[in-house]
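Here's the structure, in structure tokens; my notes come after.
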Amino acid sequence: MEPFKYRLLLPAQRPRSSPGNSGPSRELAKKRTATSAPCKPCREHKIKCDGFRPVCRPCSHRSRDCAWVQPPGEKVEALKRKYTELKEEMESISTAYETLVSLFEIIKSRDEADAAAVYQRLRQGAEPEAVLDLVREAELLLQLQHEVLICPPLLKGDAVRLARPDANGKPPRPLPSAHAVGQSEA
């Protein structure tokens, strides 16, 4: 008997794809996602349920009534999770709202140049929180500068004199307040 002569086979040719398409020409089928809690008909017939609600795909294809059984406490836990998510979202929205209202008040109350500068930063894509922080820092710096102009810093000798008690043992004298300095000039 003569041995069988098998014909040599070459590997299958790859389909030619367009330059923009580097993947295979046919789409791969989507992998079914299994759920940890299948519907009642899928559980009874031992079919992989995908968990879509109100009707899963296997029940939809077989024209079955899809019924879901929830273990005790699952609904309560789901409601608690949803409540927490909504509460966090509400706090986030509330913070954003307060920031925007503050920026709007700044734009309304400032002179044209300052308002335009704030508006321009927002137009350039800066986050509203960052712009508000920048405006508040600028206000603080202006306030500090104003206080320095009203009450100049102590000279080195004044600081030494104020830190030590005098010859009689009396405590150092207090610095004059900005209000008192303003009254003495008037």
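In the structure tokens, each chain is lettered A, B, ... as it comes, each chain's residues begin at 1, and ligands are numbered from 1 in order of appearance.
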>> Report as a count of residues only all protein, DNA and RNA residues lying within 12 Å of stretch 52-56 of chain A, evaluated on only C-alpha atoms, omitting residues in the same chain fewer than 2 positions from it.
In response: 27
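Shortest separation to A:Val101 among A:Pro128, A:Gly73, A:Lys46, A:Glu139 occurs at residue A:Pro128, atoms counted being only C-alpha atoms.
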> as a PyMOL selection string, which residues of stretch 25-149 of chain A does DSSP assign to helix (DSSP H, G or I)?
Replying inline: chain A and resi 40-45+57-61+74-109+112-123+128-149
Restrict the selected residues to C-alpha atoms and save them as a CSV table (one decimal), in the first residue's frame.
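Output file selection_23.csv is given in full below:
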```
chain,number,residue,atom,x,y,z
A,40,LYS,CA,-34.7,34.1,37.5
A,41,PRO,CA,-35.3,32.4,34.0
A,42,CYS,CA,-31.6,32.4,33.2
A,43,ARG,CA,-30.8,30.9,36.6
A,44,GLU,CA,-33.4,28.2,36.2
A,45,HIS,CA,-32.3,27.3,32.6
A,57,ARG,CA,-30.7,39.8,26.1
A,58,PRO,CA,-31.1,36.0,26.5
A,59,CYS,CA,-34.7,36.4,27.8
A,60,SER,CA,-35.4,38.9,25.0
A,61,HIS,CA,-34.1,36.5,22.3
A,74,GLU,CA,-29.6,44.6,48.2
A,75,LYS,CA,-32.1,47.4,47.4
A,76,VAL,CA,-31.3,49.2,50.6
A,77,GLU,CA,-27.5,49.1,49.9
A,78,ALA,CA,-28.1,50.3,46.4
A,79,LEU,CA,-30.2,53.2,47.7
A,80,LYS,CA,-27.5,54.1,50.2
A,81,ARG,CA,-24.8,54.1,47.5
A,82,LYS,CA,-27.0,56.2,45.3
A,83,TYR,CA,-27.7,58.6,48.1
A,84,THR,CA,-24.0,59.0,48.9
A,85,GLU,CA,-23.2,59.6,45.2
A,86,LEU,CA,-26.0,62.2,44.9
A,87,LYS,CA,-24.9,63.9,48.1
A,88,GLU,CA,-21.3,64.2,46.8
A,89,GLU,CA,-22.5,65.5,43.4
A,90,MET,CA,-24.7,68.1,45.2
A,91,GLU,CA,-21.8,69.3,47.3
A,92,SER,CA,-19.6,69.6,44.2
A,93,ILE,CA,-22.3,71.6,42.3
A,94,SER,CA,-22.9,73.8,45.4
A,95,THR,CA,-19.2,74.6,45.6
A,96,ALA,CA,-19.0,75.4,41.9
A,97,TYR,CA,-22.1,77.6,42.2
A,98,GLU,CA,-20.7,79.5,45.1
A,99,THR,CA,-17.4,80.1,43.2
A,100,LEU,CA,-19.3,81.3,40.1
A,101,VAL,CA,-21.5,83.7,42.2
A,102,SER,CA,-18.4,85.1,43.9
A,103,LEU,CA,-16.7,85.7,40.5
A,104,PHE,CA,-19.8,87.3,39.2
A,105,GLU,CA,-20.0,89.6,42.2
A,106,ILE,CA,-16.3,90.5,41.7
A,107,ILE,CA,-16.9,91.3,38.0
A,108,LYS,CA,-19.9,93.4,39.0
A,109,SER,CA,-18.3,95.4,41.7
A,112,GLU,CA,-13.7,98.0,34.2
A,113,ALA,CA,-10.0,97.1,34.0
A,114,ASP,CA,-10.2,94.6,36.9
A,115,ALA,CA,-13.4,93.1,35.7
A,116,ALA,CA,-11.9,92.7,32.2
A,117,ALA,CA,-8.8,91.0,33.6
A,118,VAL,CA,-10.9,88.5,35.5
A,119,TYR,CA,-13.1,87.9,32.5
A,120,GLN,CA,-10.0,87.5,30.3
A,121,ARG,CA,-8.5,84.8,32.6
A,122,LEU,CA,-11.7,82.9,32.4
A,123,ARG,CA,-11.8,83.2,28.6
A,128,PRO,CA,-13.0,79.5,38.1
A,129,GLU,CA,-11.6,78.3,41.5
A,130,ALA,CA,-8.1,79.3,40.5
A,131,VAL,CA,-9.2,82.7,39.3
A,132,LEU,CA,-11.2,83.3,42.5
A,133,ASP,CA,-8.1,82.3,44.6
A,134,LEU,CA,-6.0,84.6,42.5
A,135,VAL,CA,-8.4,87.5,43.1
A,136,ARG,CA,-8.5,86.8,46.8
A,137,GLU,CA,-4.7,86.7,47.1
A,138,ALA,CA,-4.5,90.0,45.2
A,139,GLU,CA,-7.0,91.5,47.6
A,140,LEU,CA,-4.9,90.3,50.6
A,141,LEU,CA,-1.7,91.7,49.1
A,142,LEU,CA,-3.4,95.1,48.5
A,143,GLN,CA,-4.8,95.1,52.1
A,144,LEU,CA,-1.3,94.3,53.5
A,145,GLN,CA,0.2,97.0,51.3
A,146,HIS,CA,-2.4,99.5,52.5
A,147,GLU,CA,-1.7,98.6,56.2
A,148,VAL,CA,2.1,99.1,55.6
A,149,LEU,CA,1.5,102.5,54.2
```
